[in-house]
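For reference, start21.pdb is printed below; it contains PDB, C-alpha atoms, pLDDT in the B column.
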ATOM      1  CA  MET K   1      48.186 137.717  48.327  1.00 70.00           C
ATOM      2  CA  ASP K   2      45.060 135.755  49.274  1.00 91.00           C
ATOM      3  CA  LEU K   3      41.446 136.728  48.567  1.00 90.00           C
ATOM      4  CA  LEU K   4      40.801 138.489  51.901  1.00 91.00           C
ATOM      5  CA  GLU K   5      44.019 140.497  51.664  1.00 92.00           C
ATOM      6  CA  ARG K   6      43.153 141.543  48.110  1.00 92.00           C
ATOM      7  CA  PHE K   7      39.656 142.561  49.281  1.00 91.00           C
ATOM      8  CA  ALA K   8      41.057 144.620  52.173  1.00 91.00           C
ATOM      9  CA  ALA K   9      43.425 146.311  49.702  1.00 91.00           C
ATOM     10  CA  GLY K  10      40.457 147.359  47.542  1.00 89.00           C
ATOM     11  CA  ASP K  11      40.517 144.712  44.780  1.00 90.00           C
ATOM     12  CA  LEU K  12      37.049 144.826  43.177  1.00 89.00           C
ATOM     13  CA  ASP K  13      37.372 141.293  41.762  1.00 92.00           C
ATOM     14  CA  ALA K  14      38.078 139.917  45.244  1.00 91.00           C
ATOM     15  CA  PHE K  15      35.016 141.758  46.574  1.00 92.00           C
ATOM     16  CA  GLU K  16      32.888 140.238  43.805  1.00 92.00           C
ATOM     17  CA  VAL K  17      34.077 136.730  44.707  1.00 93.00           C
ATOM     18  CA  LEU K  18      33.296 137.323  48.391  1.00 93.00           C
ATOM     19  CA  PHE K  19      29.904 138.771  47.470  1.00 93.00           C
ATOM     20  CA  ARG K  20      29.040 135.658  45.463  1.00 93.00           C
ATOM     21  CA  GLN K  21      30.241 133.368  48.258  1.00 94.00           C
ATOM     22  CA  HIS K  22      28.338 135.099  51.073  1.00 94.00           C
ATOM     23  CA  GLN K  23      25.369 136.898  49.528  1.00 94.00           C
ATOM     24  CA  GLN K  24      22.827 134.080  50.028  1.00 94.00           C
ATOM     25  CA  GLN K  25      23.747 133.503  53.673  1.00 93.00           C
ATOM     26  CA  VAL K  26      23.659 137.218  54.510  1.00 93.00           C
ATOM     27  CA  TYR K  27      20.315 137.582  52.720  1.00 94.00           C
ATOM     28  CA  ALA K  28      18.851 134.588  54.604  1.00 92.00           C
ATOM     29  CA  TRP K  29      20.104 136.041  57.894  1.00 91.00           C
ATOM     30  CA  ILE K  30      18.530 139.440  57.183  1.00 92.00           C
ATOM     31  CA  VAL K  31      15.224 137.810  56.151  1.00 91.00           C
ATOM     32  CA  ARG K  32      15.133 136.144  59.563  1.00 88.00           C
ATOM     33  CA  VAL K  33      15.521 139.511  61.232  1.00 88.00           C
ATOM     34  CA  VAL K  34      13.162 141.711  59.181  1.00 89.00           C
ATOM     35  CA  ARG K  35      10.677 139.014  58.079  1.00 85.00           C
ATOM     36  CA  ASP K  36      10.210 140.577  54.622  1.00 89.00           C
ATOM     37  CA  THR K  37      11.970 139.251  51.511  1.00 91.00           C
ATOM     38  CA  GLY K  38      11.717 142.498  49.538  1.00 91.00           C
ATOM     39  CA  ILE K  39      13.153 144.592  52.327  1.00 93.00           C
ATOM     40  CA  ALA K  40      15.811 141.940  52.960  1.00 93.00           C
ATOM     41  CA  GLU K  41      16.953 142.202  49.328  1.00 94.00           C
ATOM     42  CA  ASP K  42      17.441 145.960  49.702  1.00 94.00           C
ATOM     43  CA  LEU K  43      19.160 145.540  53.068  1.00 95.00           C
ATOM     44  CA  THR K  44      21.482 142.882  51.642  1.00 94.00           C
ATOM     45  CA  VAL K  45      22.604 145.335  48.967  1.00 93.00           C
ATOM     46  CA  GLU K  46      23.077 147.985  51.669  1.00 94.00           C
ATOM     47  CA  THR K  47      25.063 145.468  53.747  1.00 94.00           C
ATOM     48  CA  PHE K  48      27.483 144.707  50.932  1.00 93.00           C
ATOM     49  CA  TRP K  49      27.791 148.408  50.120  1.00 93.00           C
ATOM     50  CA  ARG K  50      28.817 149.002  53.742  1.00 93.00           C
ATOM     51  CA  ILE K  51      31.166 146.017  53.610  1.00 93.00           C
ATOM     52  CA  TYR K  52      32.903 147.440  50.547  1.00 92.00           C
ATOM     53  CA  ARG K  53      33.132 150.930  52.062  1.00 91.00           C
ATOM     54  CA  SER K  54      34.603 149.443  55.282  1.00 91.00           C
ATOM     55  CA  ARG K  55      37.076 147.127  53.553  1.00 90.00           C
ATOM     56  CA  ALA K  56      40.121 148.982  54.880  1.00 88.00           C
ATOM     57  CA  ARG K  57      39.024 148.220  58.454  1.00 89.00           C
ATOM     58  CA  PHE K  58      38.666 144.482  57.766  1.00 90.00           C
ATOM     59  CA  ASP K  59      41.386 142.261  59.208  1.00 90.00           C
ATOM     60  CA  PRO K  60      42.288 139.702  56.498  1.00 90.00           C
ATOM     61  CA  ALA K  61      43.137 137.223  59.272  1.00 90.00           C
ATOM     62  CA  GLY K  62      39.550 137.507  60.526  1.00 87.00           C
ATOM     63  CA  ASN K  63      36.358 135.668  59.632  1.00 90.00           C
ATOM     64  CA  PHE K  64      34.697 137.441  56.685  1.00 91.00           C
ATOM     65  CA  GLY K  65      31.384 135.580  57.148  1.00 90.00           C
ATOM     66  CA  ALA K  66      31.045 136.613  60.795  1.00 89.00           C
ATOM     67  CA  TRP K  67      31.993 140.186  59.894  1.00 92.00           C
ATOM     68  CA  ALA K  68      29.375 140.231  57.123  1.00 93.00           C
ATOM     69  CA  TYR K  69      26.713 138.875  59.534  1.00 91.00           C
ATOM     70  CA  ARG K  70      27.570 141.600  62.044  1.00 91.00           C
ATOM     71  CA  ILE K  71      27.224 144.321  59.418  1.00 93.00           C
ATOM     72  CA  GLY K  72      24.006 142.725  58.123  1.00 93.00           C
ATOM     73  CA  THR K  73      22.607 142.598  61.643  1.00 91.00           C
ATOM     74  CA  ASN K  74      23.408 146.280  62.156  1.00 91.00           C
ATOM     75  CA  VAL K  75      21.759 147.199  58.846  1.00 93.00           C
ATOM     76  CA  ALA K  76      18.662 145.178  59.764  1.00 92.00           C
ATOM     77  CA  LEU K  77      18.511 146.709  63.250  1.00 90.00           C
ATOM     78  CA  ASP K  78      18.840 150.193  61.763  1.00 90.00           C
ATOM     79  CA  HIS K  79      15.915 149.389  59.502  1.00 91.00           C
ATOM     80  CA  LEU K  80      13.801 148.071  62.398  1.00 88.00           C
ATOM     81  CA  ARG K  81      14.562 151.144  64.485  1.00 85.00           C
ATOM     82  CA  LYS K  82      13.636 153.497  61.659  1.00 84.00           C
ATOM     83  CA  SER K  83      10.558 151.693  60.427  1.00 77.00           C
ATOM     84  CA  ARG K  84       8.926 150.708  63.741  1.00 64.00           C
ATOM     85  CA  ARG K  85       6.136 149.403  61.575  1.00 56.00           C
ATOM     86  CA  GLU K  86       4.277 146.182  61.858  1.00 54.00           C
ATOM     87  CA  THR K  87       6.061 143.334  60.102  1.00 55.00           C
ATOM     88  CA  GLU K  88       3.905 140.849  58.279  1.00 62.00           C
ATOM     89  CA  LEU K  89       4.343 137.311  59.527  1.00 61.00           C
ATOM     90  CA  PRO K  90       4.249 134.704  56.782  1.00 66.00           C
ATOM     91  CA  ALA K  91       0.853 133.075  56.377  1.00 67.00           C
ATOM     92  CA  ASP K  92       2.466 129.628  56.214  1.00 68.00           C
ATOM     93  CA  LEU K  93       3.848 129.665  59.759  1.00 61.00           C
ATOM     94  CA  PRO K  94       3.295 126.247  61.275  1.00 64.00           C
ATOM     95  CA  ALA K  95       0.481 126.385  63.785  1.00 56.00           C
ATOM     96  CA  ASP K  96      -1.871 124.015  65.517  1.00 55.00           C
ATOM     97  CA  ALA K  97      -5.049 123.437  63.558  1.00 52.00           C
ATOM     98  CA  ARG K  98      -7.819 125.540  65.065  1.00 48.00           C
ATOM     99  CA  PRO K  99     -11.464 125.013  64.262  1.00 54.00           C
ATOM    100  CA  ASP K 100     -12.165 128.754  63.983  1.00 70.00           C
ATOM    101  CA  PRO K 101     -10.116 130.547  61.275  1.00 74.00           C
ATOM    102  CA  ALA K 102     -11.278 133.956  62.548  1.00 75.00           C
ATOM    103  CA  LEU K 103      -9.883 133.179  66.003  1.00 73.00           C
ATOM    104  CA  GLN K 104      -6.653 131.969  64.439  1.00 75.00           C
ATOM    105  CA  ARG K 105      -6.298 135.183  62.418  1.00 80.00           C
ATOM    106  CA  GLU K 106      -7.082 137.329  65.459  1.00 80.00           C
ATOM    107  CA  THR K 107      -4.456 135.498  67.513  1.00 78.00           C
ATOM    108  CA  ARG K 108      -1.847 135.899  64.749  1.00 79.00           C
ATOM    109  CA  ASP K 109      -2.675 139.618  64.492  1.00 82.00           C
ATOM    110  CA  ARG K 110      -2.259 140.033  68.252  1.00 82.00           C
ATOM    111  CA  ILE K 111       1.079 138.218  68.244  1.00 82.00           C
ATOM    112  CA  ARG K 112       2.246 140.364  65.326  1.00 81.00           C
ATOM    113  CA  ALA K 113       1.158 143.511  67.192  1.00 81.00           C
ATOM    114  CA  ALA K 114       2.953 142.354  70.352  1.00 83.00           C
ATOM    115  CA  PHE K 115       6.179 141.689  68.404  1.00 84.00           C
ATOM    116  CA  ALA K 116       5.896 145.130  66.772  1.00 83.00           C
ATOM    117  CA  GLN K 117       5.812 146.723  70.232  1.00 85.00           C
ATOM    118  CA  LEU K 118       9.127 145.171  71.268  1.00 88.00           C
ATOM    119  CA  PRO K 119      12.140 147.493  71.148  1.00 90.00           C
ATOM    120  CA  PRO K 120      14.349 146.542  68.152  1.00 89.00           C
ATOM    121  CA  LYS K 121      17.134 144.949  70.227  1.00 89.00           C
ATOM    122  CA  TYR K 122      14.580 142.632  71.859  1.00 91.00           C
ATOM    123  CA  ARG K 123      12.662 142.024  68.618  1.00 89.00           C
ATOM    124  CA  LEU K 124      15.906 140.920  66.967  1.00 88.00           C
ATOM    125  CA  VAL K 125      16.789 138.279  69.559  1.00 89.00           C
ATOM    126  CA  ALA K 126      13.158 137.185  70.024  1.00 88.00           C
ATOM    127  CA  THR K 127      12.669 136.682  66.295  1.00 85.00           C
ATOM    128  CA  LEU K 128      15.924 134.788  65.853  1.00 87.00           C
ATOM    129  CA  ALA K 129      15.610 132.702  69.024  1.00 87.00           C
ATOM    130  CA  LEU K 130      11.859 132.058  69.209  1.00 84.00           C
ATOM    131  CA  ILE K 131      10.741 132.040  65.585  1.00 82.00           C
ATOM    132  CA  GLU K 132      13.892 131.060  63.689  1.00 80.00           C
ATOM    133  CA  ASP K 133      15.200 128.796  66.470  1.00 82.00           C
ATOM    134  CA  GLN K 134      18.759 130.076  66.016  1.00 84.00           C
ATOM    135  CA  PRO K 135      21.333 129.078  68.659  1.00 87.00           C
ATOM    136  CA  TYR K 136      22.207 131.822  71.139  1.00 89.00           C
ATOM    137  CA  GLU K 137      25.845 131.698  70.030  1.00 88.00           C
ATOM    138  CA  ASN K 138      24.902 132.579  66.420  1.00 86.00           C
ATOM    139  CA  ILE K 139      22.689 135.425  67.589  1.00 88.00           C
ATOM    140  CA  ALA K 140      25.417 136.681  69.928  1.00 89.00           C
ATOM    141  CA  GLU K 141      28.035 136.673  67.198  1.00 87.00           C
ATOM    142  CA  ALA K 142      25.788 138.483  64.732  1.00 83.00           C
ATOM    143  CA  ALA K 143      24.581 141.059  67.258  1.00 85.00           C
ATOM    144  CA  LYS K 144      28.110 141.433  68.634  1.00 87.00           C
ATOM    145  CA  ILE K 145      26.930 140.861  72.206  1.00 90.00           C
ATOM    146  CA  PRO K 146      27.721 138.090  74.707  1.00 91.00           C
ATOM    147  CA  ALA K 147      25.545 134.942  74.593  1.00 89.00           C
ATOM    148  CA  SER K 148      24.584 135.622  78.202  1.00 90.00           C
ATOM    149  CA  LEU K 149      23.099 138.973  77.110  1.00 92.00           C
ATOM    150  CA  VAL K 150      21.195 137.195  74.320  1.00 90.00           C
ATOM    151  CA  LYS K 151      19.649 134.921  76.970  1.00 91.00           C
ATOM    152  CA  VAL K 152      18.703 137.898  79.129  1.00 92.00           C
ATOM    153  CA  ARG K 153      17.154 139.720  76.167  1.00 91.00           C
ATOM    154  CA  VAL K 154      15.187 136.645  75.089  1.00 90.00           C
ATOM    155  CA  PHE K 155      13.904 136.240  78.648  1.00 91.00           C
ATOM    156  CA  ARG K 156      12.896 139.911  78.804  1.00 92.00           C
ATOM    157  CA  ALA K 157      11.326 139.782  75.344  1.00 90.00           C
ATOM    158  CA  VAL K 158       9.235 136.767  76.336  1.00 90.00           C
ATOM    159  CA  ARG K 159       8.157 138.566  79.476  1.00 90.00           C
ATOM    160  CA  MET K 160       7.231 141.689  77.470  1.00 89.00           C
ATOM    161  CA  LEU K 161       5.394 139.599  74.872  1.00 87.00           C
ATOM    162  CA  ARG K 162       3.459 137.718  77.549  1.00 87.00           C
ATOM    163  CA  LYS K 163       2.458 140.972  79.252  1.00 87.00           C
ATOM    164  CA  GLN K 164       1.474 142.565  75.939  1.00 82.00           C
ATOM    165  CA  LEU K 165      -0.525 139.518  74.819  1.00 82.00           C
ATOM    166  CA  LEU K 166      -2.337 139.301  78.148  1.00 82.00           C
ATOM    167  CA  SER K 167      -3.231 142.993  77.939  1.00 77.00           C
ATOM    168  CA  LEU K 168      -4.565 142.385  74.422  1.00 67.00           C
ATOM    169  CA  GLY K 169      -6.722 139.581  75.765  1.00 65.00           C
ATOM    170  CA  THR K 170      -4.950 136.799  73.916  1.00 54.00           C
ATOM    171  CA  MET K 171      -5.683 133.361  75.343  1.00 48.00           C
ATOM    172  CA  PHE K 172      -2.095 132.549  76.292  1.00 51.00           C
ATOM    173  CA  GLU K 173      -2.699 132.997  79.981  1.00 48.00           C
ATOM    174  CA  ASN K 174      -1.463 129.975  81.865  1.00 48.00           C
ATOM    175  CA  LYS K 175      -3.410 129.794  85.090  1.00 43.00           C
ATOM    176  CA  GLY K 176      -0.756 127.530  86.623  1.00 42.00           C
ATOM    177  CA  ARG K 177       1.931 130.292  86.549  1.00 41.00           C
TER     178      ARG K 177
END
Rendering of file as structure tokens:
Amino acid sequence: MDLLERFAAGDLDAFEVLFRQHQQQVYAWIVRVVRDTGIAEDLTVETFWRIYRSRARFDPAGNFGAWAYRIGTNVALDHLRKSRRETELPADLPADARPDPALQRETRDRIRAAFAQLPPKYRLVATLALIEDQPYENIAEAAKIPASLVKVRVFRAVRMLRKQLLSLGTMFENKGR
């Protein structure tokens, strides 16, 4: 009996091995979604708790990593839906040097506010596609939606962000469009 079959049968040692093999990747994935390391730690624990509780539904012939990402994505989305709070963007995000730090902070605050206004399903794909630069296929697999729907949601999220930022008076208006 291989590791995945033992896990599906309820073997705690097999679960521990899978946890050790996949915990860092699932945590990194969740951090990309929620943008908070402390919350991501809690959500990673919740993800593996759900994985263990759902072990009987896991197909040992399947891809455990993809299954874990899907569950992690659902946990992160549940958190985003419940919290609907503003997520702090890291201060070390790469940005063009601006002569006025106050203007830079104001712009970052407006972008953060615009992202917070996105519905969770759009915030998820926008964060992963636009900030984390994840391929659409990875996002699609984790969100359990077709890649074509990821593209549509990214397009709509960008449109919503642009509209929100323009209404906030952010200087992203491109007069040529």
**OP:** Expand the PyMOL selection byres ((chain K and resi 128-145) around 9) into the individual residues it matches in the shown file, reporting them as number ranges by chain.
**Re:** K: 32-33, 66-74, 121, 123-127, 146-151, 154, 158
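Counting all atoms listed in the file, the residue from K:Asp11, K:Leu18, K:Tyr122, K:Ala114 that sits nearest to Asn63 in chain K is K:Leu18.
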Test item: the PyMOL selection byres ((chain K and resi 5) around 12) resolved as an mmCIF file with C-alpha atoms, keeping the file's coordinate frame:
data_model
loop_
_atom_site.group_PDB
_atom_site.id
_atom_site.type_symbol
_atom_site.label_atom_id
_atom_site.label_comp_id
_atom_site.auth_asym_id
_atom_site.auth_seq_id
_atom_site.Cartn_x
_atom_site.Cartn_y
_atom_site.Cartn_z
ATOM 1 C CA MET K 1 48.186 137.717 48.327
ATOM 2 C CA ASP K 2 45.060 135.755 49.274
ATOM 3 C CA LEU K 3 41.446 136.728 48.567
ATOM 4 C CA LEU K 4 40.801 138.489 51.901
ATOM 5 C CA ARG K 6 43.153 141.543 48.110
ATOM 6 C CA PHE K 7 39.656 142.561 49.281
ATOM 7 C CA ALA K 8 41.057 144.620 52.173
ATOM 8 C CA ALA K 9 43.425 146.311 49.702
ATOM 9 C CA GLY K 10 40.457 147.359 47.542
ATOM 10 C CA ASP K 11 40.517 144.712 44.780
ATOM 11 C CA LEU K 12 37.049 144.826 43.177
ATOM 12 C CA ASP K 13 37.372 141.293 41.762
ATOM 13 C CA ALA K 14 38.078 139.917 45.244
ATOM 14 C CA PHE K 15 35.016 141.758 46.574
ATOM 15 C CA LEU K 18 33.296 137.323 48.391
ATOM 16 C CA ARG K 55 37.076 147.127 53.553
ATOM 17 C CA ALA K 56 40.121 148.982 54.880
ATOM 18 C CA ARG K 57 39.024 148.220 58.454
ATOM 19 C CA PHE K 58 38.666 144.482 57.766
ATOM 20 C CA ASP K 59 41.386 142.261 59.208
ATOM 21 C CA PRO K 60 42.288 139.702 56.498
ATOM 22 C CA ALA K 61 43.137 137.223 59.272
ATOM 23 C CA GLY K 62 39.550 137.507 60.526
ATOM 24 C CA PHE K 64 34.697 137.441 56.685
#
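Of the listed residues K:Trp49, K:Arg105, K:Ile30, K:Arg162, the one whose atoms come nearest to Leu77 in chain K is K:Ile30, with distances taken using all atoms listed in the file.
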**OP:** Select, from K:Asp36, K:Asp42, K:Pro119, K:Gly65, the residue with the minimum atom-to-atom distance to Gln21 in chain K, counting all atoms listed in the file.
**Re:**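 Ranking K:Asp36, K:Asp42, K:Pro119, K:Gly65 by distance to Gln21 in chain K, first place goes to K:Gly65.
Atom to atom, CA of Thr44 in chain K and CA of Val75 in chain K stand 8.4 Å apart.
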**OP:** Go through K:Ser54, K:Leu166, K:Arg35, K:Phe19 and flag the residue nearest Thr107 in chain K, using only C-alpha atoms for the distances.
**Re:**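 Closest candidate: K:Leu166.
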Produce the centre coordinates and the three edge lengths, each in Å to one decimal, of the box along x, y and z that contains all listed atoms of range 36-48 of chain K with 4 Å added on each side, as AutoDock Vina command-line options.
--center_x 18.8 --center_y 143.6 --center_z 51.8 --size_x 25.3 --size_y 16.7 --size_z 13.7
**OP:** Identify, on the basis of only C-alpha atoms, every residue whose closest approach to Leu161 in chain K does not exceed 10 Å; exclude the query and any residue fewer than 4 positions from it along the same chain; express the result as a list in words.
**Re:** Ile111, Ala113, Ala114, Phe115, Ala116, Gln117, Leu118, Arg123, Ala126, Phe155, Arg156, Ala157, Leu165, Leu166 and Ser167 of chain K
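Picture a line from CA of Gln25 in chain K to CA of Lys82 in chain K; it runs 23.8 Å.
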